[in-house]
$ cat target-v4.cif   # mmCIF, C-alpha atoms
data_query
#
loop_
_atom_site.label_atom_id
_atom_site.label_comp_id
_atom_site.auth_asym_id
_atom_site.auth_seq_id
_atom_site.Cartn_x
_atom_site.Cartn_y
_atom_site.Cartn_z
CA ARG A 1 97.66 118.54 89.12
CA GLU A 2 94.54 118.50 91.31
CA ALA A 3 96.18 120.94 93.74
CA LYS A 4 96.96 123.27 90.83
CA GLU A 5 93.39 123.09 89.54
CA TYR A 6 92.07 123.86 93.03
CA GLU A 7 94.42 126.82 93.37
CA THR A 8 93.33 128.24 90.01
CA SER A 9 89.66 127.69 90.81
CA PHE A 10 90.00 129.35 94.22
CA ARG A 11 91.83 132.35 92.73
CA LEU A 12 89.22 132.88 90.00
CA LYS A 13 86.34 132.50 92.46
CA SER A 14 87.89 134.90 94.96
CA SER A 15 88.36 137.54 92.27
CA GLY A 16 84.79 137.17 91.03
CA ASP A 17 86.06 135.99 87.64
CA ILE A 18 83.35 134.53 85.39
CA ASN A 19 86.01 132.21 83.95
CA MET A 20 85.89 130.14 87.16
CA PRO A 21 84.95 126.46 86.81
CA PHE A 22 81.22 125.87 86.94
CA SER A 23 81.73 123.53 89.91
CA SER A 24 83.07 126.43 92.03
CA LEU A 25 80.01 128.51 91.29
CA ALA A 26 77.68 125.57 91.97
CA ASP A 27 79.29 124.95 95.36
CA GLU A 28 78.94 128.60 96.31
CA PHE A 29 75.33 128.61 95.16
CA ILE A 30 74.57 125.61 97.39
CA GLU A 31 76.20 127.39 100.35
CA HIS A 32 73.96 130.37 99.61
CA ILE A 33 70.84 128.18 99.51
CA ASN A 34 71.81 126.74 102.88
CA THR A 35 71.60 130.22 104.44
CA VAL A 36 68.37 131.43 102.84
CA ARG A 37 66.16 128.36 102.39
CA LYS A 38 64.74 125.57 104.53
CA GLN A 39 66.86 122.48 105.27
CA SER A 40 64.62 120.31 103.09
CA THR A 41 65.10 122.65 100.12
CA TYR A 42 68.86 122.74 100.67
CA ASN A 43 69.04 118.93 100.81
CA GLY A 44 67.10 118.61 97.55
CA TYR A 45 69.16 121.23 95.73
CA LYS A 46 72.47 119.76 96.91
CA CYS A 47 71.50 116.27 95.74
CA VAL A 48 70.42 117.48 92.29
CA VAL A 49 73.50 119.67 91.79
CA ASN A 50 75.93 116.91 92.74
CA LYS A 51 74.15 114.13 90.87
CA HIS A 52 72.74 115.76 87.75
CA ILE A 53 74.42 119.11 87.08
CA LYS A 54 78.05 119.18 88.22
CA PRO A 55 79.02 115.92 86.48
CA PHE A 56 78.23 117.53 83.09
CA PHE A 57 79.33 121.15 83.60
CA GLY A 58 81.80 120.72 86.48
CA LYS A 59 85.17 121.66 84.94
CA MET A 60 83.76 123.89 82.22
CA SER A 61 84.53 127.61 82.44
CA LEU A 62 81.38 129.46 83.49
CA SER A 63 81.76 132.06 80.75
CA LYS A 64 82.14 129.39 78.04
CA ILE A 65 78.88 127.55 78.72
CA THR A 66 76.46 128.18 75.87
CA SER A 67 72.87 127.32 75.03
CA ASN A 68 74.22 124.50 72.86
CA HIS A 69 75.83 122.94 75.94
CA ILE A 70 72.48 123.20 77.72
CA ARG A 71 70.75 121.47 74.82
CA LYS A 72 73.25 118.58 74.93
CA TRP A 73 72.85 118.33 78.70
CA HIS A 74 69.06 118.20 78.29
CA SER A 75 69.50 115.34 75.82
CA THR A 76 71.50 113.28 78.32
CA LEU A 77 68.84 113.79 80.99
CA ILE A 78 66.00 112.84 78.65
CA THR A 79 67.93 109.72 77.59
CA ASP A 80 68.09 108.64 81.23
CA GLU A 81 64.28 108.52 81.22
CA TYR A 82 63.58 110.54 84.35
CA SER A 83 60.00 111.51 85.11
CA GLU A 84 58.65 114.81 83.79
CA ALA A 85 58.55 116.24 87.31
CA THR A 86 62.17 115.27 87.96
CA LEU A 87 63.36 116.78 84.68
CA ARG A 88 61.56 120.01 85.45
CA TYR A 89 63.02 120.15 88.97
CA ILE A 90 66.58 119.60 87.71
CA ASN A 91 66.19 122.25 85.02
CA VAL A 92 64.79 124.82 87.47
CA ILE A 93 67.79 124.38 89.80
CA ALA A 94 70.29 124.71 86.94
CA LYS A 95 68.52 127.87 85.79
CA ASP A 96 68.72 129.25 89.33
CA ILE A 97 72.49 128.68 89.38
CA PHE A 98 73.00 130.65 86.18
CA CYS A 99 70.68 133.40 87.45
CA TYR A 100 72.92 133.58 90.52
CA ALA A 101 75.94 134.02 88.22
CA VAL A 102 74.19 136.80 86.29
CA LYS A 103 73.27 138.60 89.50
CA TYR A 104 76.50 138.26 91.47
CA TYR A 105 79.25 137.63 88.93
CA GLY A 106 78.18 139.68 85.95
CA LEU A 107 77.53 136.79 83.59
CA LYS A 108 76.06 138.52 80.55
CA THR A 109 73.35 136.04 79.69
CA ASN A 110 71.73 132.99 81.23
CA PRO A 111 72.37 130.13 78.74
CA ILE A 112 69.20 128.34 79.83
CA ALA A 113 66.95 131.37 79.38
CA ASN A 114 66.32 130.91 75.66
CA ILE A 115 66.12 127.12 75.67
CA ASP A 116 62.81 125.27 75.84
CA ALA A 117 62.42 123.86 79.34
CA ILE A 118 62.35 120.12 79.84
CA GLY A 119 59.79 118.41 82.01
CA GLN A 120 56.14 119.30 82.01
CA GLN A 121 54.05 120.49 84.93
CA THR A 122 52.24 117.27 85.83
CA LYS A 123 50.92 118.01 89.31
CA LYS A 124 47.15 117.85 89.48
CA ILE A 125 44.74 118.69 92.26
CA ILE A 126 42.35 115.81 92.84
CA ILE A 127 39.19 116.64 94.76
CA LEU A 128 37.61 113.61 96.39
CA GLU A 129 33.86 113.23 96.47
CA PRO A 130 32.37 112.19 99.86
CA ASP A 131 31.76 108.61 98.71
CA GLU A 132 35.34 108.34 97.42
CA PHE A 133 36.70 109.61 100.72
CA ASN A 134 34.51 107.19 102.68
CA ALA A 135 35.91 104.34 100.58
CA ILE A 136 39.45 105.43 101.54
CA ILE A 137 38.84 105.67 105.28
CA SER A 138 37.18 102.25 105.24
CA LEU A 139 40.66 100.89 104.48
CA ALA A 140 42.26 102.61 107.47
CA PRO A 141 43.79 100.10 109.91
CA HIS A 142 42.51 101.78 113.12
CA ASP A 143 40.56 104.76 114.44
CA TYR A 144 43.57 107.09 114.83
CA VAL A 145 44.43 106.78 111.14
CA THR A 146 40.77 107.42 110.27
CA THR A 147 40.85 110.62 112.35
CA ALA A 148 44.12 111.63 110.72
CA LEU A 149 42.62 111.14 107.25
CA LYS A 150 39.53 113.14 108.19
CA THR A 151 41.75 115.96 109.46
CA LEU A 152 43.62 116.02 106.14
CA TYR A 153 40.37 115.93 104.19
CA PHE A 154 38.53 118.69 106.06
CA THR A 155 41.47 121.06 106.51
CA GLY A 156 43.68 120.60 103.45
CA ILE A 157 46.83 120.66 105.59
CA ARG A 158 49.92 118.76 104.45
CA ILE A 159 50.82 115.36 105.92
CA GLY A 160 53.96 116.79 107.53
CA GLU A 161 51.86 119.52 109.16
CA LEU A 162 49.41 116.91 110.40
CA LEU A 163 52.13 114.79 112.02
CA ALA A 164 53.56 117.86 113.77
CA LEU A 165 50.26 118.74 115.49
CA SER A 166 50.17 118.70 119.29
CA PRO A 167 47.10 118.92 121.58
CA ASP A 168 47.90 122.61 122.21
CA ASP A 169 47.33 123.31 118.51
CA ILE A 170 43.64 122.39 118.83
CA THR A 171 41.39 125.11 120.28
CA ASP A 172 37.61 124.64 120.19
CA CYS A 173 36.97 124.00 116.49
CA THR A 174 40.19 125.33 115.01
CA ILE A 175 43.67 123.98 114.29
CA SER A 176 46.75 126.21 114.44
CA VAL A 177 49.33 125.19 111.84
CA THR A 178 52.75 126.51 112.92
CA LYS A 179 55.17 123.68 112.18
CA THR A 180 55.78 120.61 110.05
CA LEU A 181 57.51 117.24 110.33
CA TYR A 182 60.39 116.58 107.94
CA ARG A 183 62.49 113.43 108.27
CA ASN A 184 61.55 113.01 111.93
CA GLU A 185 62.47 116.60 112.73
CA ILE A 186 60.07 119.44 113.54
CA THR A 187 60.71 122.54 111.42
CA SER A 188 58.86 125.69 110.40
CA PRO A 189 56.23 125.28 107.65
CA LYS A 190 57.02 125.47 103.96
CA SER A 191 56.50 129.25 103.81
CA LYS A 192 55.31 132.13 106.03
CA SER A 193 51.85 131.91 104.46
CA SER A 194 51.69 128.29 105.62
CA ILE A 195 51.37 129.49 109.22
CA ARG A 196 47.60 129.66 109.56
CA THR A 197 44.49 128.78 111.58
CA VAL A 198 42.05 126.33 110.03
CA ALA A 199 38.44 125.68 111.09
CA ILE A 200 37.27 122.10 111.58
CA PRO A 201 33.79 120.54 111.98
CA ASP A 202 32.46 119.94 115.48
CA GLU A 203 32.38 116.15 115.00
CA LEU A 204 36.05 116.09 113.96
CA ALA A 205 37.02 118.21 116.97
CA LYS A 206 35.28 115.66 119.21
CA GLU A 207 37.12 112.76 117.54
CA ILE A 208 40.46 114.49 118.00
CA ALA A 209 39.67 115.13 121.67
CA LEU A 210 39.26 111.37 122.19
CA ILE A 211 42.80 110.58 121.01
CA PRO A 212 44.85 109.42 124.05
CA LYS A 213 47.84 111.54 124.98
CA SER A 214 51.09 110.27 123.51
CA VAL A 215 54.48 110.19 125.18
CA THR A 216 55.80 111.95 122.08
CA GLY A 217 53.57 114.98 122.76
CA PHE A 218 52.03 114.82 119.29
CA LEU A 219 48.53 113.87 118.21
CA PHE A 220 49.37 111.61 115.27
CA HIS A 221 53.14 111.28 115.62
CA ALA A 222 53.93 107.57 115.51
CA ARG A 223 57.12 106.17 117.02
CA TYR A 224 58.42 105.79 113.50
CA ALA A 225 56.92 108.82 111.83
CA ASN A 226 58.24 108.01 108.35
CA CYS A 227 56.39 104.67 108.39
CA TYR A 228 53.20 106.47 109.44
CA TYR A 229 53.75 109.03 106.69
CA ARG A 230 54.09 106.31 104.02
CA ARG A 231 50.95 104.58 105.33
CA LEU A 232 48.90 107.76 104.92
CA LYS A 233 50.38 108.42 101.48
CA LYS A 234 49.52 104.90 100.40
CA LEU A 235 45.93 105.25 101.52
CA LEU A 236 45.59 108.58 99.69
#

$ encode --input "target-v4.cif" --output "structure tokens"
Amino acid sequence: REAKEYETSFRLKSSGDINMPFSSLADEFIEHINTVRKQSTYNGYKCVVNKHIKPFFGKMSLSKITSNHIRKWHSTLITDEYSEATLRYINVIAKDIFCYAVKYYGLKTNPIANIDAIGQQTKKIIILEPDEFNAIISLAPHDYVTTALKTLYFTGIRIGELLALSPDDITDCTISVTKTLYRNEITSPKSKSSIRTVAIPDELAKEIALIPKSVTGFLFHARYANCYYRRLKKLL
């Protein structure tokens, strides 16, 4: 039976038939994401599709999925009490999959398009006052973490970008941001616009210059970078 279902799914997918199972489309979409997006984005999309989207829509015919199905799926997600940010992220990925079907397989309408989105935009930008920042760095366990926090504060770079910095990225009073650290691997930044040069105060440049050279070749890259990352996140 499973072999027959696979054969039918493969035939419909190969012919570009919108009656293919949703799971076939979702798998192809993930393969597409793997070729056009960063590894971190691909990993996130793949996890969400396999855990939150395919289990509900998997065997359903792509052309038979309606807005009512989307509404019922939303209800199951809300019942599971995920955070607003997680709900929004899941919904965005599902919408992207159906947009892919509209663009490449001729699906007439996106069933999510006319449904109220779940999950609210909850991200806020918090600007620390000097006294608040000083209170944070007073909790830092040693001087290198203090310098790392100051670098984040005065430049606005991301923690992954900070941990990927090497001595060669510091010139006079500027920092060149050309890479980031993700799961102990150095990759390109989040986007092309993330490659940039940032000015830093003279005093911070002097502090950075005092950091001893590391065998890793990085300024703030601890032996276990993920632990260092969590420490900084906790302080912030």

$ residues_around --input "target-v4.cif" --residues "Leu149 of chain A" --least-positions-apart "2" --cutoff "9 Å" --atoms "all atoms listed in the file" --output "list in words"
Phe133, Ile136, Ile137, Ala140, Tyr144, Val145, Thr146, Thr147, Thr151, Leu152, Tyr153, Phe154, Leu232, Leu235 and Leu236 of chain A

$ write_last_selection --input "target-v4.cif" --atoms "C-alpha atoms" --output "mmCIF file, in the frame of the given file"
data_model
loop_
_atom_site.group_PDB
_atom_site.id
_atom_site.type_symbol
_atom_site.label_atom_id
_atom_site.label_comp_id
_atom_site.auth_asym_id
_atom_site.auth_seq_id
_atom_site.Cartn_x
_atom_site.Cartn_y
_atom_site.Cartn_z
ATOM 1 C CA PHE A 133 36.700 109.610 100.720
ATOM 2 C CA ILE A 136 39.450 105.430 101.540
ATOM 3 C CA ILE A 137 38.840 105.670 105.280
ATOM 4 C CA ALA A 140 42.260 102.610 107.470
ATOM 5 C CA TYR A 144 43.570 107.090 114.830
ATOM 6 C CA VAL A 145 44.430 106.780 111.140
ATOM 7 C CA THR A 146 40.770 107.420 110.270
ATOM 8 C CA THR A 147 40.850 110.620 112.350
ATOM 9 C CA THR A 151 41.750 115.960 109.460
ATOM 10 C CA LEU A 152 43.620 116.020 106.140
ATOM 11 C CA TYR A 153 40.370 115.930 104.190
ATOM 12 C CA PHE A 154 38.530 118.690 106.060
ATOM 13 C CA LEU A 232 48.900 107.760 104.920
ATOM 14 C CA LEU A 235 45.930 105.250 101.520
ATOM 15 C CA LEU A 236 45.590 108.580 99.690
#

$ closest_atom_pairs --input "target-v4.cif" --of "segment 130-206 of chain A" --to "segment 20-44 of chain A" --cutoff "12 Å" --atoms "only C-alpha atoms" --output "tab-separated table"
residue	atom	partner	partner_atom	distance
A:Thr180	CA	A:Ser40	CA	11.3
A:Leu181	CA	A:Ser40	CA	10.6
A:Tyr182	CA	A:Ser40	CA	7.4
A:Arg183	CA	A:Ser40	CA	8.9
A:Asn184	CA	A:Ser40	CA	11.9
A:Glu185	CA	A:Gln39	CA	10.5
A:Ile186	CA	A:Gln39	CA	11.1
A:Thr187	CA	A:Lys38	CA	8.5
A:Ser188	CA	A:Lys38	CA	8.3
A:Pro189	CA	A:Lys38	CA	9.1
A:Lys190	CA	A:Lys38	CA	7.7
A:Ser191	CA	A:Lys38	CA	9.1
A:Lys192	CA	A:Lys38	CA	11.6

$ atom_distance --input "target-v4.cif" --atom1 "atom CA of Leu107 of chain A" --atom2 "atom CA of Ile93 of chain A"
17.0 Å

$ residues_around --input "target-v4.cif" --residues "Ile115 of chain A" --least-positions-apart "5" --cutoff "10 Å" --atoms "only C-alpha atoms" --output "PyMOL selection string"
chain A and resi 67-68+70-71+74+110

$ closest_residue --input "target-v4.cif" --among "A:Ile97, A:Ala205, A:Ile118, A:Val49" --to "Glu81 of chain A" --atoms "all atoms listed in the file"
A:Ile118

$ resolve_selection --input "target-v4.cif" --expression "the PyMOL selection byres ((chain A and resi 55-62) around 12)" --output "number ranges by chain"
A: 2, 5-6, 8-9, 12-13, 16-27, 47-54, 63-66, 69-77, 94, 97-98, 100-102, 105-111

$ closest_residue --input "target-v4.cif" --among "A:Ser176, A:Gly119, A:Leu204, A:Ser138" --to "Ile90 of chain A" --atoms "all atoms listed in the file"
A:Gly119

$ axis_aligned_box --input "target-v4.cif" --around "segment 64-77 of chain A" --padding-each-side "5 Å" --output "JSON"
{"center_x": 75.5, "center_y": 121.3, "center_z": 76.9, "size_x": 23.3, "size_y": 26.1, "size_z": 18.1}

$ atom_distance --input "target-v4.cif" --atom1 "atom CA of Glu207 of chain A" --atom2 "atom CA of Asp168 of chain A"
15.3 Å

$ atom_distance --input "target-v4.cif" --atom1 "atom CA of Glu84 of chain A" --atom2 "atom CA of Asp116 of chain A"
13.8 Å

$ resolve_selection --input "target-v4.cif" --expression "the PyMOL selection byres ((chain A and resi 165) around 12)" --output "VMD selection string"
chain A and resid 148 151 to 152 157 to 164 166 to 171 175 to 181 186 to 187 189 208 214 216 to 222

$ closest_residue --input "target-v4.cif" --among "A:Ile127, A:Pro212, A:Ser83, A:Lys95" --to "Gly156 of chain A" --atoms "all atoms listed in the file"
A:Ile127
